[in-house]
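For reference, the structure discussed in these notes is given below.
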Amino acid sequence: MIHRSVAKSIEQALKRQAAVAIIGPRQVGKTTLAREIADSHPGALYLDLEAREDREKLVEPVIFLRQYENSLVVLDEIHRVPELFSSLRGIIDQGRRRGHATGRFLILGSASIDLLRQSGESLAGRITYIDMGPFYTLELPANEPTLLQLWLRGGFPGSYLAEDDSTSLRWRTDFIRTYLERDVPQFGPRIPAGVLERLWTMLAHGQGTLLNASRLAAALQISASTAQRYIDLLADLLLVRRLPPFHRNVGKRLVKSPKVYVRDSGLVHALLGIKAYNDLAGHPVAGASWEGFVIENLIQAAPERTVVSFYRTAAGAEIDLLLEIPGQGLWAIEIKRSLAGRPEKGFYIACQDLKPDRRFVVNAGSGHYPIDAEITAIGLHELAAMLAALAV
């Protein structure tokens with residue numbers, strides 16, 4: 001059993017809040033973790049709302065859940081019954097009047113769309129959201145073979161823990177097909193699976209490039225607004241990240257379009273048919289894939305309320321990742337796939353513009369050493385650990 005780093009945050013949130021929602025894509029391990037937490041709470045009830053018999057129990061939710069007022073109730077795949085949120089508000093408020101103010105509901109959702117919309121109206125002040133991503137570097141042994149396997153296969157448990165690379169790729173291919181044919185239609189208007197798959201693949205080919213909805217639309221023979229709507233859906237399903245540009249006024253002509261990444265590196269490789277590390281190492285997408293992989297790992301490790309962005313000017317100054325960390329200031333991060341990469345000229349120019357508090361070059365090695373008086377070269381695991389320590 002691989003310990004999930006969010007488990008502690010969930011337990012702490014249950015002690016101070018009536019409802020806690022774990023938000024993450026399908027197959028990321030939310031149910032496994034929720035069942036583990038439920039086992040540590042005597043009398044806890046688990047309801048899988050994809051199962052008809054469990055949904056039928058909640059036809060009269062107030063009457064049914066009244067019997068579990070003193071117990072933790074886990075509601076899995078709550079987007080299946082979005083109307084339940086309005087009932088939960090009344091149940092929570094009644095419980096508070098009777099002295100049951102915390103630890104009532106653990107809610108699991110495979111996307112942010114319905115959860116944010118519904119709870120924003122119904123459960124404001126009664127719910128805490130916790131993001132749960134795939135496995136990341138701090139949850140696994142700190143060695144080079146583990147890191148390369150995590151990069152190749154991605155962090156979804158079914159993929160990372162597969163017995164070999166072929167089985168892992170087959171798992172990810174099936175995962176993509178299931179999302180396109182079954183899950184996407186649940187969350188939005190009917191979208192042709194073939195068009196969405198081509199868009200997803202195009203995003204993988206253009207990993208880490210600036211979003212150009214018009215170019216994507218022309219290739220897919222759809223309108224730019226439709227392409228933008230499809231990308232919005234993939235982002236809401238937590239499968240794609242739009243990394244925003246840094247927007248502080250620094251007197252420069254800044255790039256204003258976000259950069260787009262398929263969030264899990266294993267899905268990038270599956271969409272492009274990359275089967276093994278030998279195929280990945282020589283593939284044109286390798287550098288961009290590594291960049292996206294590092295960014296996702298560092299964002300997972302960063303403290304709450306960290307603001308993430310990138311910096312690029314029309315003149316060529318660029319920083320791959322900026323982290324504005326509460327109490328720590330601005331961190332500038334350059335990402336290199338080599339073992340001893342040095343920053344480009346554009347990184348130095350960008351640092352002159354922004355004057356970040358700390359400057360790092362993340363490479364594929366381990367340990368850390370100074371490049372100059374202000375810039376430190378560091379391995380991914382070490383920088384992630386440094387960020388995670390700030391959150392304690």
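Going through the structure tokens in order, the chains are called A, B, and so on, while each chain numbers its residues from 1 and the ligands are numbered from 1 in the order shown.
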Which segment 168-255 of chain A residues have any atom within 8 Å of an atom of segment 136-160 of chain A, and for each, what is the nearest pair of atoms with distance in Å to one decimal, counting only C-alpha atoms, rows sorted by chain and number, as CSV?
residue,atom,partner,partner_atom,distance
A:Ser168,CA,A:Ser159,CA,4.5
A:Leu169,CA,A:Ser159,CA,7.1
A:Trp171,CA,A:Ser159,CA,5.9
A:Arg172,CA,A:Ser159,CA,6.4
query: Excluding same-chain residues fewer than 2 positions from Thr173 of chain A, what lies within 12 Å of it counting only C-alpha atoms, as a list of chain:residue names?
result: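 Those residues are A:Arg153, A:Gly158, A:Ser159, A:Ser166, A:Thr167, A:Ser168, A:Leu169, A:Arg170, A:Trp171, A:Phe175, A:Ile176, A:Arg177, A:Thr178, A:Tyr179, A:Leu180, A:Glu197, A:Gly266, A:Leu267, A:Val268, A:His269, A:Ala270, A:Leu271, A:Leu272, A:Gly273, A:Ile274, A:Lys275.
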Now that the selection is made, can you save its residues with N, CA, C and O atoms as a compact mmCIF listing (two decimals), in the first residue's frame?
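Output contents, as saved in out_20.txt:
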# COMPACT_ATOMS: atom_id res chain seq x y z
N ARG A 153 5.27 6.07 -17.23
CA ARG A 153 3.93 5.49 -17.05
C ARG A 153 2.91 6.48 -16.50
O ARG A 153 1.71 6.24 -16.59
N GLY A 158 -3.16 2.29 -11.50
CA GLY A 158 -3.29 1.15 -12.39
C GLY A 158 -2.21 1.10 -13.44
O GLY A 158 -1.82 0.02 -13.89
N SER A 159 -1.72 2.25 -13.85
CA SER A 159 -0.66 2.33 -14.85
C SER A 159 0.71 2.17 -14.21
O SER A 159 1.53 1.35 -14.65
N SER A 166 4.15 -2.81 -21.23
CA SER A 166 3.07 -3.10 -22.18
C SER A 166 1.72 -3.12 -21.49
O SER A 166 0.73 -2.57 -22.00
N THR A 167 1.67 -3.73 -20.30
CA THR A 167 0.42 -3.77 -19.54
C THR A 167 0.02 -2.37 -19.10
O THR A 167 -1.16 -2.00 -19.12
N SER A 168 1.02 -1.58 -18.72
CA SER A 168 0.76 -0.19 -18.33
C SER A 168 0.17 0.60 -19.49
O SER A 168 -0.82 1.33 -19.32
N LEU A 169 0.76 0.47 -20.68
CA LEU A 169 0.26 1.21 -21.84
C LEU A 169 -1.16 0.77 -22.18
O LEU A 169 -2.01 1.61 -22.51
N ARG A 170 -1.43 -0.52 -22.07
CA ARG A 170 -2.78 -1.01 -22.35
C ARG A 170 -3.79 -0.43 -21.35
O ARG A 170 -4.90 -0.07 -21.73
N TRP A 171 -3.39 -0.32 -20.09
CA TRP A 171 -4.27 0.27 -19.07
C TRP A 171 -4.59 1.71 -19.44
O TRP A 171 -5.75 2.14 -19.37
N PHE A 175 -8.11 3.46 -20.40
CA PHE A 175 -8.53 4.61 -19.60
C PHE A 175 -9.00 5.75 -20.50
O PHE A 175 -10.06 6.35 -20.29
N ILE A 176 -8.22 6.04 -21.53
CA ILE A 176 -8.57 7.11 -22.47
C ILE A 176 -9.89 6.78 -23.18
O ILE A 176 -10.78 7.63 -23.31
N ARG A 177 -10.02 5.54 -23.63
CA ARG A 177 -11.23 5.14 -24.33
C ARG A 177 -12.46 5.25 -23.41
O ARG A 177 -13.52 5.72 -23.83
N THR A 178 -12.30 4.81 -22.17
CA THR A 178 -13.43 4.88 -21.22
C THR A 178 -13.85 6.33 -20.98
O THR A 178 -15.04 6.64 -20.93
N TYR A 179 -12.87 7.22 -20.82
CA TYR A 179 -13.20 8.63 -20.62
C TYR A 179 -13.98 9.18 -21.81
O TYR A 179 -14.99 9.88 -21.66
N LEU A 180 -13.51 8.86 -23.02
CA LEU A 180 -14.13 9.42 -24.21
C LEU A 180 -15.55 8.88 -24.43
O LEU A 180 -16.45 9.62 -24.83
N GLU A 197 -10.83 12.95 -29.07
CA GLU A 197 -9.59 12.19 -29.01
C GLU A 197 -8.51 12.85 -29.86
O GLU A 197 -7.34 12.92 -29.46
N GLY A 266 2.03 9.96 -18.33
CA GLY A 266 1.70 8.66 -18.90
C GLY A 266 0.63 8.76 -19.96
O GLY A 266 0.67 8.03 -20.97
N LEU A 267 -0.34 9.66 -19.77
CA LEU A 267 -1.38 9.85 -20.79
C LEU A 267 -0.79 10.52 -22.03
O LEU A 267 -1.20 10.21 -23.16
N VAL A 268 0.15 11.45 -21.85
CA VAL A 268 0.84 12.05 -23.01
C VAL A 268 1.44 10.94 -23.86
O VAL A 268 1.25 10.88 -25.09
N HIS A 269 2.15 10.03 -23.20
CA HIS A 269 2.86 8.98 -23.93
C HIS A 269 1.89 7.99 -24.57
O HIS A 269 2.14 7.50 -25.68
N ALA A 270 0.79 7.69 -23.89
CA ALA A 270 -0.20 6.78 -24.47
C ALA A 270 -0.86 7.40 -25.70
O ALA A 270 -1.07 6.72 -26.71
N LEU A 271 -1.19 8.68 -25.62
CA LEU A 271 -1.82 9.36 -26.76
C LEU A 271 -0.89 9.40 -27.96
O LEU A 271 -1.36 9.40 -29.11
N LEU A 272 0.42 9.39 -27.72
CA LEU A 272 1.40 9.46 -28.81
C LEU A 272 1.96 8.09 -29.18
O LEU A 272 2.83 7.99 -30.04
N GLY A 273 1.47 7.03 -28.50
CA GLY A 273 1.91 5.68 -28.83
C GLY A 273 3.32 5.36 -28.38
O GLY A 273 3.99 4.49 -28.96
N ILE A 274 3.81 6.03 -27.36
CA ILE A 274 5.16 5.79 -26.84
C ILE A 274 5.08 4.64 -25.84
O ILE A 274 4.44 4.74 -24.80
N LYS A 275 5.76 3.53 -26.13
CA LYS A 275 5.57 2.30 -25.37
C LYS A 275 6.58 2.12 -24.24
O LYS A 275 6.25 1.59 -23.19
field: Residue nearest Gly24 of chain A among A:Arg97, A:Arg52, A:Ile63, A:Ala235 (counting only C-alpha atoms)
entry: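 That would be A:Ala235, the residue with the smallest distance to Gly24 of chain A.
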Pick out each residue of segment 203-324 of chain A that DSSP on the backbone tags as helix (DSSP H, G or I); I need them as a short mmCIF file (atom, residue, chain, number, x, y, z; two decimals) with C-alpha atoms, in the first residue's frame.
data_model
loop_
_atom_site.label_atom_id
_atom_site.label_comp_id
_atom_site.auth_asym_id
_atom_site.auth_seq_id
_atom_site.Cartn_x
_atom_site.Cartn_y
_atom_site.Cartn_z
CA LEU A 203 -2.54 18.77 -27.14
CA ALA A 204 -0.13 15.93 -26.31
CA HIS A 205 1.89 16.66 -29.48
CA ALA A 213 -7.59 27.60 -30.16
CA SER A 214 -7.96 28.88 -33.73
CA ARG A 215 -5.13 26.66 -35.00
CA LEU A 216 -6.55 23.62 -33.21
CA ALA A 217 -10.02 24.39 -34.52
CA ALA A 218 -8.81 24.65 -38.10
CA ALA A 219 -7.11 21.26 -37.87
CA LEU A 220 -10.25 19.68 -36.42
CA ALA A 224 -12.59 28.20 -32.33
CA SER A 225 -15.28 28.59 -29.68
CA THR A 226 -16.08 24.88 -29.91
CA ALA A 227 -12.40 23.98 -29.58
CA GLN A 228 -12.14 26.26 -26.55
CA ARG A 229 -15.20 24.60 -25.00
CA TYR A 230 -13.69 21.13 -25.50
CA ILE A 231 -10.43 22.26 -23.87
CA ASP A 232 -12.45 23.73 -20.99
CA LEU A 233 -14.09 20.34 -20.52
CA LEU A 234 -10.75 18.49 -20.44
CA ALA A 235 -9.49 21.04 -17.91
CA ASP A 236 -12.63 20.64 -15.77
CA SER A 265 2.84 12.27 -18.46
CA GLY A 266 1.70 8.66 -18.90
CA LEU A 267 -1.38 9.85 -20.79
CA VAL A 268 0.84 12.05 -23.01
CA HIS A 269 2.86 8.98 -23.93
CA ALA A 270 -0.20 6.78 -24.47
CA LEU A 271 -1.82 9.36 -26.76
CA TYR A 277 11.62 4.46 -22.15
CA ASN A 278 13.82 3.78 -25.22
CA ASP A 279 11.02 5.17 -27.41
CA LEU A 280 10.51 8.16 -25.13
CA ALA A 281 14.18 9.14 -24.81
CA ALA A 286 10.57 14.15 -24.54
CA GLY A 287 11.69 17.59 -23.38
CA ALA A 288 8.19 19.02 -23.20
CA SER A 289 6.90 15.87 -21.54
CA TRP A 290 9.59 16.12 -18.85
CA GLU A 291 8.74 19.80 -18.35
CA GLY A 292 5.05 19.01 -17.80
CA PHE A 293 5.95 16.10 -15.50
CA VAL A 294 8.14 18.34 -13.32
CA ILE A 295 5.52 21.09 -13.20
CA GLU A 296 2.77 18.69 -12.03
CA ASN A 297 5.00 17.19 -9.34
CA LEU A 298 6.04 20.59 -8.00
CA ILE A 299 2.48 21.89 -7.97
CA GLN A 300 1.37 18.82 -5.98
CA ALA A 301 4.15 19.42 -3.48
#
task: Would you mind reading off the distance between atom CA of Ala276 of chain A and atom CA of Gly341 of chain A, one decimal, in Å?
output: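 Separating atom CA of Ala276 of chain A from atom CA of Gly341 of chain A is a distance of 23.9 Å.
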- prompt: Could you pull the residues within 9 Å of segment 314-320 of chain A, counting only C-alpha atoms, minus those fewer than 2 positions along the same chain, as JSON, numbers by chain?
  reply: {"A": [252, 253, 254, 255, 291, 295, 309, 310, 311, 312, 322, 332, 333, 334, 335, 344, 345, 346, 347, 348, 349, 350, 351, 353]}
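Residue nearest Arg263 of chain A within the list A:Val361, A:Leu243, A:Ala124, A:Leu108: A:Leu243 [criterion: smallest interatomic distance, only C-alpha atoms].
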task: Quick one: everything within 10 Å of Val307 of chain A, counting only C-alpha atoms, minus sequence neighbours fewer than 3 positions away in the same chain. Send it as a list in words.
output: Pro244, Phe246, Ile299, Ala302, Pro303, Glu304, Leu322, Leu323, Glu324, Ile325, Pro326 and Leu330 of chain A
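The interatomic distance for the pair atom CA of Arg55 of chain A and atom CA of Glu83 of chain A works out to 11.7 Å.
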message: When you look at segment 38-41 of chain A with a cut-off of 12 Å (counting only C-alpha atoms), what residues show up, excluding the ones that are within fewer than 2 positions of it in the same chain? I need them as an MDAnalysis selection string.
response: chainID A and resid 7 10:11 14:15 31:36 43:47 70:75 103:107
